[in-house]
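K.L.:
This is the content of input-v4.cif (mmCIF, C-alpha atoms and all ligand atoms):
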data_query
#
loop_
_atom_site.group_PDB
_atom_site.id
_atom_site.type_symbol
_atom_site.label_atom_id
_atom_site.label_comp_id
_atom_site.auth_asym_id
_atom_site.auth_seq_id
_atom_site.Cartn_x
_atom_site.Cartn_y
_atom_site.Cartn_z
ATOM 1 C CA MET A 1 -5.032 -21.157 -17.931
ATOM 2 C CA LYS A 2 -5.719 -20.084 -14.365
ATOM 3 C CA GLU A 3 -4.177 -23.183 -12.809
ATOM 4 C CA ASN A 4 -0.942 -22.719 -14.724
ATOM 5 C CA CYS A 5 -0.598 -19.123 -13.732
ATOM 6 C CA PHE A 6 -1.071 -20.027 -10.035
ATOM 7 C CA LYS A 7 1.768 -22.553 -10.224
ATOM 8 C CA ASN A 8 4.194 -19.770 -11.134
ATOM 9 C CA ILE A 9 3.325 -17.585 -8.174
ATOM 10 C CA LYS A 10 5.965 -17.706 -5.435
ATOM 11 C CA ASN A 11 5.385 -14.309 -3.826
ATOM 12 C CA LEU A 12 2.279 -12.690 -2.376
ATOM 13 C CA ILE A 13 2.615 -8.911 -2.249
ATOM 14 C CA PHE A 14 0.166 -6.958 -0.105
ATOM 15 C CA ASP A 15 -0.795 -3.335 -0.093
ATOM 16 C CA MET A 16 -1.926 -2.619 3.466
ATOM 17 C CA ASP A 17 -4.406 0.242 3.941
ATOM 18 C CA ASP A 18 -7.911 -0.528 2.696
ATOM 19 C CA THR A 19 -6.618 -3.895 1.466
ATOM 20 C CA LEU A 20 -5.927 -5.876 4.659
ATOM 21 C CA TYR A 21 -8.851 -4.276 6.485
ATOM 22 C CA PRO A 22 -12.207 -2.919 5.217
ATOM 23 C CA LYS A 23 -12.223 0.406 3.394
ATOM 24 C CA ASN A 24 -15.408 1.468 5.181
ATOM 25 C CA LEU A 25 -13.446 1.949 8.426
ATOM 26 C CA GLY A 26 -12.400 5.244 6.836
ATOM 27 C CA ILE A 27 -8.804 5.104 8.110
ATOM 28 C CA CYS A 28 -7.146 5.744 4.770
ATOM 29 C CA LYS A 29 -9.625 8.516 3.961
ATOM 30 C CA ASN A 30 -8.722 10.158 7.240
ATOM 31 C CA GLY A 31 -5.033 9.972 6.287
ATOM 32 C CA TRP A 32 -5.745 11.790 3.019
ATOM 33 C CA GLU A 33 -7.644 14.483 4.961
ATOM 34 C CA ARG A 34 -4.680 14.940 7.309
ATOM 35 C CA LEU A 35 -2.405 15.253 4.281
ATOM 36 C CA PHE A 36 -4.580 17.900 2.612
ATOM 37 C CA ASP A 37 -4.994 19.738 5.920
ATOM 38 C CA VAL A 38 -1.247 20.350 6.019
ATOM 39 C CA PHE A 39 -1.638 22.506 2.904
ATOM 40 C CA ARG A 40 -4.859 24.158 4.067
ATOM 41 C CA THR A 41 -3.594 25.265 7.493
ATOM 42 C CA ASP A 42 -0.620 26.824 9.313
ATOM 43 C CA LYS A 43 0.693 23.312 9.773
ATOM 44 C CA LYS A 44 2.620 23.745 6.533
ATOM 45 C CA ASP A 45 4.777 26.480 8.153
ATOM 46 C CA GLU A 46 6.141 23.842 10.532
ATOM 47 C CA PHE A 47 7.314 21.808 7.560
ATOM 48 C CA GLY A 48 8.827 24.821 5.766
ATOM 49 C CA ILE A 49 6.430 24.594 2.814
ATOM 50 C CA SER A 50 4.317 27.716 3.416
ATOM 51 C CA HIS A 51 4.492 28.676 -0.271
ATOM 52 C CA ILE A 52 2.772 25.473 -1.495
ATOM 53 C CA SER A 53 -0.983 25.906 -1.836
ATOM 54 C CA ILE A 54 -3.457 23.056 -1.694
ATOM 55 C CA ASP A 55 -4.152 23.554 -5.419
ATOM 56 C CA ASP A 56 -0.424 23.389 -6.231
ATOM 57 C CA TYR A 57 -0.146 20.206 -4.228
ATOM 58 C CA LYS A 58 -3.191 18.629 -5.881
ATOM 59 C CA THR A 59 -1.762 19.514 -9.304
ATOM 60 C CA HIS A 60 1.907 18.613 -8.851
ATOM 61 C CA GLY A 61 1.829 16.190 -5.926
ATOM 62 C CA ASP A 62 4.815 14.990 -3.920
ATOM 63 C CA GLU A 63 7.313 16.211 -6.483
ATOM 64 C CA LEU A 64 6.932 19.659 -4.872
ATOM 65 C CA LEU A 65 8.110 18.232 -1.561
ATOM 66 C CA ARG A 66 10.995 16.315 -3.102
ATOM 67 C CA ARG A 67 12.342 19.599 -4.515
ATOM 68 C CA HIS A 68 13.133 20.647 -0.935
ATOM 69 C CA LYS A 69 16.557 19.253 -0.195
ATOM 70 C CA ASN A 70 16.093 19.175 3.556
ATOM 71 C CA PHE A 71 12.413 18.343 3.675
ATOM 72 C CA ASP A 72 11.652 16.533 6.931
ATOM 73 C CA TRP A 73 9.871 13.474 5.525
ATOM 74 C CA ASP A 74 10.063 11.654 8.825
ATOM 75 C CA SER A 75 8.019 14.274 10.742
ATOM 76 C CA PHE A 76 5.716 14.838 7.764
ATOM 77 C CA MET A 77 4.847 11.163 7.386
ATOM 78 C CA ALA A 78 4.498 10.754 11.164
ATOM 79 C CA TYR A 79 1.934 13.580 11.143
ATOM 80 C CA VAL A 80 -0.019 12.407 8.088
ATOM 81 C CA CYS A 81 -0.113 8.781 9.229
ATOM 82 C CA GLU A 82 -1.113 9.497 12.821
ATOM 83 C CA ASN A 83 -4.510 7.874 12.497
ATOM 84 C CA ASP A 84 -6.706 6.138 15.020
ATOM 85 C CA VAL A 85 -6.626 2.459 14.040
ATOM 86 C CA SER A 86 -8.580 1.104 17.002
ATOM 87 C CA SER A 87 -11.524 0.127 14.751
ATOM 88 C CA ILE A 88 -9.330 -2.547 13.092
ATOM 89 C CA LYS A 89 -10.087 -5.964 14.549
ATOM 90 C CA THR A 90 -8.004 -9.138 14.604
ATOM 91 C CA ASN A 91 -8.524 -10.975 11.333
ATOM 92 C CA HIS A 92 -8.313 -14.685 12.201
ATOM 93 C CA LYS A 93 -8.867 -15.862 8.645
ATOM 94 C CA LEU A 94 -6.089 -13.643 7.322
ATOM 95 C CA LYS A 95 -3.834 -14.863 10.116
ATOM 96 C CA GLU A 96 -4.512 -18.464 9.154
ATOM 97 C CA PHE A 97 -3.838 -17.881 5.448
ATOM 98 C CA LEU A 98 -0.580 -16.066 6.150
ATOM 99 C CA THR A 99 0.491 -18.895 8.437
ATOM 100 C CA VAL A 100 -0.293 -21.825 6.147
ATOM 101 C CA LEU A 101 0.378 -20.524 2.638
ATOM 102 C CA PRO A 102 3.915 -21.493 1.588
ATOM 103 C CA HIS A 103 4.564 -18.352 -0.492
ATOM 104 C CA LYS A 104 6.894 -15.525 0.414
ATOM 105 C CA LYS A 105 4.721 -12.703 1.838
ATOM 106 C CA ILE A 106 5.655 -9.046 1.558
ATOM 107 C CA ILE A 107 3.938 -5.820 2.612
ATOM 108 C CA TYR A 108 4.263 -3.006 0.070
ATOM 109 C CA THR A 109 2.770 0.158 1.560
ATOM 110 C CA ASP A 110 3.039 3.895 0.967
ATOM 111 C CA ALA A 111 2.436 4.465 4.674
ATOM 112 C CA ASP A 112 5.164 5.043 7.226
ATOM 113 C CA TYR A 113 6.524 2.269 9.426
ATOM 114 C CA ARG A 114 4.834 3.566 12.601
ATOM 115 C CA HIS A 115 1.369 3.382 11.068
ATOM 116 C CA MET A 116 2.221 0.044 9.429
ATOM 117 C CA ASN A 117 3.274 -1.472 12.751
ATOM 118 C CA LYS A 118 0.095 -0.259 14.477
ATOM 119 C CA VAL A 119 -2.166 -1.678 11.742
ATOM 120 C CA LEU A 120 -0.412 -5.049 11.578
ATOM 121 C CA GLN A 121 -0.535 -5.348 15.364
ATOM 122 C CA ARG A 122 -4.279 -4.657 15.383
ATOM 123 C CA LEU A 123 -4.741 -7.423 12.792
ATOM 124 C CA GLU A 124 -2.313 -9.622 14.814
ATOM 125 C CA VAL A 125 -0.282 -10.459 11.723
ATOM 126 C CA GLU A 126 2.865 -8.399 12.401
ATOM 127 C CA ASN A 127 5.157 -11.449 12.507
ATOM 128 C CA LEU A 128 3.708 -13.235 9.487
ATOM 129 C CA PHE A 129 5.486 -11.346 6.679
ATOM 130 C CA ASP A 130 8.914 -12.115 5.254
ATOM 131 C CA GLN A 131 9.576 -8.498 4.324
ATOM 132 C CA LYS A 132 7.960 -5.094 4.801
ATOM 133 C CA PHE A 133 8.515 -2.233 2.393
ATOM 134 C CA THR A 134 7.341 1.306 3.254
ATOM 135 C CA CYS A 135 7.683 4.767 1.698
ATOM 136 C CA PHE A 136 10.964 5.111 3.622
ATOM 137 C CA ASP A 137 12.383 2.189 1.613
ATOM 138 C CA ALA A 138 11.112 3.822 -1.599
ATOM 139 C CA GLU A 139 12.866 7.069 -0.605
ATOM 140 C CA PHE A 140 9.494 8.821 -0.570
ATOM 141 C CA HIS A 141 8.372 7.878 -4.012
ATOM 142 C CA PHE A 142 4.836 6.552 -3.845
ATOM 143 C CA LYS A 143 2.740 4.100 -5.803
ATOM 144 C CA PRO A 144 1.828 4.195 -8.648
ATOM 145 C CA SER A 145 5.123 5.870 -9.631
ATOM 146 C CA GLU A 146 7.555 3.615 -11.466
ATOM 147 C CA LYS A 147 10.323 4.874 -9.164
ATOM 148 C CA SER A 148 8.463 3.311 -6.250
ATOM 149 C CA PHE A 149 7.904 -0.002 -8.081
ATOM 150 C CA ASN A 150 11.504 -0.130 -9.350
ATOM 151 C CA SER A 151 12.800 0.474 -5.866
ATOM 152 C CA PHE A 152 10.474 -2.223 -4.505
ATOM 153 C CA PHE A 153 11.700 -4.853 -6.993
ATOM 154 C CA GLU A 154 15.336 -3.861 -6.563
ATOM 155 C CA LYS A 155 15.329 -3.966 -2.761
ATOM 156 C CA THR A 156 13.106 -7.003 -2.195
ATOM 157 C CA LYS A 157 14.771 -8.933 -5.056
ATOM 158 C CA ILE A 158 11.470 -10.511 -6.043
ATOM 159 C CA ASN A 159 10.589 -11.366 -9.611
ATOM 160 C CA PRO A 160 7.352 -9.583 -10.620
ATOM 161 C CA LEU A 161 6.511 -12.445 -12.999
ATOM 162 C CA GLU A 162 6.321 -14.795 -9.994
ATOM 163 C CA SER A 163 4.280 -12.426 -7.842
ATOM 164 C CA ALA A 164 0.623 -11.747 -7.107
ATOM 165 C CA PHE A 165 -0.248 -8.247 -5.916
ATOM 166 C CA PHE A 166 -3.272 -7.522 -3.706
ATOM 167 C CA GLU A 167 -4.376 -3.874 -3.830
ATOM 168 C CA ASP A 168 -7.467 -1.729 -3.379
ATOM 169 C CA SER A 169 -6.162 0.854 -5.879
ATOM 170 C CA SER A 170 -6.744 0.091 -9.533
ATOM 171 C CA LYS A 171 -4.271 2.846 -10.492
ATOM 172 C CA ASN A 172 -1.553 0.930 -8.676
ATOM 173 C CA LEU A 173 -2.592 -2.340 -10.285
ATOM 174 C CA ALA A 174 -2.441 -0.792 -13.744
ATOM 175 C CA VAL A 175 1.277 -0.149 -13.206
ATOM 176 C CA ALA A 176 1.850 -3.530 -11.527
ATOM 177 C CA LYS A 177 0.366 -5.189 -14.620
ATOM 178 C CA LYS A 178 2.996 -3.519 -16.822
ATOM 179 C CA TYR A 179 5.672 -5.277 -14.765
ATOM 180 C CA GLY A 180 3.902 -8.597 -15.350
ATOM 181 C CA MET A 181 2.507 -9.187 -11.865
ATOM 182 C CA MET A 182 -0.724 -11.099 -11.302
ATOM 183 C CA THR A 183 -3.110 -8.355 -10.172
ATOM 184 C CA ILE A 184 -5.884 -8.820 -7.626
ATOM 185 C CA LEU A 185 -8.166 -5.922 -6.838
ATOM 186 C CA ILE A 186 -9.727 -5.865 -3.362
ATOM 187 C CA SER A 187 -12.920 -3.930 -3.909
ATOM 188 C CA GLU A 188 -16.692 -4.178 -3.794
ATOM 189 C CA GLU A 189 -16.701 -2.989 -7.400
ATOM 190 C CA GLN A 190 -15.487 -5.042 -10.353
ATOM 191 C CA GLY A 191 -12.070 -3.881 -11.612
ATOM 192 C CA ASP A 192 -11.104 -3.092 -15.196
ATOM 193 C CA LYS A 193 -10.312 -6.429 -16.839
ATOM 194 C CA ALA A 194 -7.469 -4.833 -18.805
ATOM 195 C CA PHE A 195 -5.283 -4.750 -15.697
ATOM 196 C CA CYS A 196 -7.144 -6.534 -12.884
ATOM 197 C CA ASP A 197 -6.820 -10.303 -13.259
ATOM 198 C CA PHE A 198 -9.228 -10.877 -10.381
ATOM 199 C CA THR A 199 -11.497 -8.811 -8.138
ATOM 200 C CA PHE A 200 -12.629 -9.839 -4.659
ATOM 201 C CA PRO A 201 -14.499 -7.863 -2.002
ATOM 202 C CA SER A 202 -12.080 -8.929 0.766
ATOM 203 C CA ILE A 203 -8.524 -10.153 1.221
ATOM 204 C CA GLU A 204 -9.732 -13.428 2.797
ATOM 205 C CA GLN A 205 -11.813 -14.264 -0.262
ATOM 206 C CA ALA A 206 -8.878 -13.463 -2.549
ATOM 207 C CA LEU A 207 -6.469 -15.678 -0.619
ATOM 208 C CA GLU A 208 -8.817 -18.677 -0.964
ATOM 209 C CA MET A 209 -7.532 -18.963 -4.559
ATOM 210 C CA PHE A 210 -4.018 -19.811 -3.348
ATOM 211 C CA LYS A 211 -4.978 -22.661 -1.009
HETATM 212 MG MG MG B 1 -4.460 0.849 -0.115
#
Just give me the structure of the file as structure tokens.

P.N.:
Amino acid sequence: MKENCFKNIKNLIFDMDDTLYPKNLGICKNGWERLFDVFRTDKKDEFGISHISIDDYKTHGDELLRRHKNFDWDSFMAYVCENDVSSIKTNHKLKEFLTVLPHKKIIYTDADYRHMNKVLQRLEVENLFDQKFTCFDAEFHFKPSEKSFNSFFEKTKINPLESAFFEDSSKNLAVAKKYGMMTILISEEQGDKAFCDFTFPSIEQALEMFK
């Protein structure tokens, strides 16, 4: 069964943060802290969202920001994603896999392009992807929303049934599974079999399957 399903896979889709580098570096966690700090501090005045409390944001999420017609997403994402990525090291194994595997390779990240470029440069894989899709391409809809996934499939023109998706978030994989993607959880903990086809502790170990 497994061999047949591998034959159909033409596209390798990669989440980036906590998927292409180890979660224990704490970079993504730091990003979430920066995001929540906007709502806990005067920083939110700069973005014209003084009336949104941290509790409101945790309850209603990004929809509150999308209601603002002129919300400055560019500055907001630049602030939230301004993380120190110097702990990320070159990943030679990942580099080799991305170079030799014949599949189409696409980054699908909720991060902004500045952070994405910094991370991919640290890993030394910035030129090894066929396409890169960020929250700017998704018009600031984020995984696991269907709007984000629909926008991803529409703009990249890939067929989800021919695609494997590598992600550290099982919530995102649950939605990916509904679209028919092969789902690969990158995590130390075993994923829910209902929507994670495979679980591996690192991206290098997961990519071994496609050799
Ligand atoms: Mg991630």

K.L.:
Output the neighbourhood of ligand MG 1 (chain B) as a list in words, that is, all protein and nucleic acid residues with some atom at most 8 Å from the ligand, counting all atoms listed in the file.

P.N.:
Asp15, Met16, Asp17, Asp18, Thr19, Cys28, Thr109, Glu167, Asp168 and Ser169 of chain A

K.L.:
Keeping only C-alpha atoms, write the selected residues to a file as a CSV table (one decimal), keeping the file's coordinate frame.

P.N.:
chain,number,residue,atom,x,y,z
A,15,ASP,CA,-0.8,-3.3,-0.1
A,16,MET,CA,-1.9,-2.6,3.5
A,17,ASP,CA,-4.4,0.2,3.9
A,18,ASP,CA,-7.9,-0.5,2.7
A,19,THR,CA,-6.6,-3.9,1.5
A,28,CYS,CA,-7.1,5.7,4.8
A,109,THR,CA,2.8,0.2,1.6
A,167,GLU,CA,-4.4,-3.9,-3.8
A,168,ASP,CA,-7.5,-1.7,-3.4
A,169,SER,CA,-6.2,0.9,-5.9

K.L.:
Starting from the shown file, work through the PyMOL selection byres (((chain A and resi 47-52) around 12) and not hetatm) and note down what comes out as a PyMOL selection string.

P.N.:
chain A and resi 36+38-46+53-80

K.L.:
Residues of the last selection are to be written out with C-alpha atoms, as a compact mmCIF listing (two decimals), in the frame of the given file.

P.N.:
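Once written, selection-v3.txt looks like this:
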# COMPACT_ATOMS: atom_id res chain seq x y z
CA PHE A 36 -4.58 17.90 2.61
CA VAL A 38 -1.25 20.35 6.02
CA PHE A 39 -1.64 22.51 2.90
CA ARG A 40 -4.86 24.16 4.07
CA THR A 41 -3.59 25.26 7.49
CA ASP A 42 -0.62 26.82 9.31
CA LYS A 43 0.69 23.31 9.77
CA LYS A 44 2.62 23.74 6.53
CA ASP A 45 4.78 26.48 8.15
CA GLU A 46 6.14 23.84 10.53
CA SER A 53 -0.98 25.91 -1.84
CA ILE A 54 -3.46 23.06 -1.69
CA ASP A 55 -4.15 23.55 -5.42
CA ASP A 56 -0.42 23.39 -6.23
CA TYR A 57 -0.15 20.21 -4.23
CA LYS A 58 -3.19 18.63 -5.88
CA THR A 59 -1.76 19.51 -9.30
CA HIS A 60 1.91 18.61 -8.85
CA GLY A 61 1.83 16.19 -5.93
CA ASP A 62 4.82 14.99 -3.92
CA GLU A 63 7.31 16.21 -6.48
CA LEU A 64 6.93 19.66 -4.87
CA LEU A 65 8.11 18.23 -1.56
CA ARG A 66 11.00 16.32 -3.10
CA ARG A 67 12.34 19.60 -4.51
CA HIS A 68 13.13 20.65 -0.94
CA LYS A 69 16.56 19.25 -0.20
CA ASN A 70 16.09 19.18 3.56
CA PHE A 71 12.41 18.34 3.68
CA ASP A 72 11.65 16.53 6.93
CA TRP A 73 9.87 13.47 5.52
CA ASP A 74 10.06 11.65 8.82
CA SER A 75 8.02 14.27 10.74
CA PHE A 76 5.72 14.84 7.76
CA MET A 77 4.85 11.16 7.39
CA ALA A 78 4.50 10.75 11.16
CA TYR A 79 1.93 13.58 11.14
CA VAL A 80 -0.02 12.41 8.09

K.L.:
Which value, in Å to one decimal, gives the distance between CA of Lys118 in chain A and CA of Glu189 in chain A?

P.N.:
27.7 Å

K.L.:
Neighbours of Thr134 in chain A within 8 Å (all atoms listed in the file; same-chain residues fewer than 5 positions away dropped), as a ChimeraX atom specification?

P.N.:
/A:107-113

K.L.:
Please tabulate, as a Markdown table, the residues of range 123-181 of chain A that come within 8 Å of range 92-96 of chain A, each with its closest pair of atoms and the distance in Å to one decimal, counting all atoms listed in the file and ordering rows by chain, then residue number upward.

P.N.:
| residue | atom | partner | partner_atom | distance |
| --- | --- | --- | --- | --- |
| A:Leu123 | CA | A:Lys95 | CA | 8.0 |
| A:Glu124 | CA | A:Lys95 | CA | 7.2 |
| A:Val125 | CA | A:Lys95 | CA | 5.9 |
| A:Leu128 | CA | A:Lys95 | CA | 7.7 |
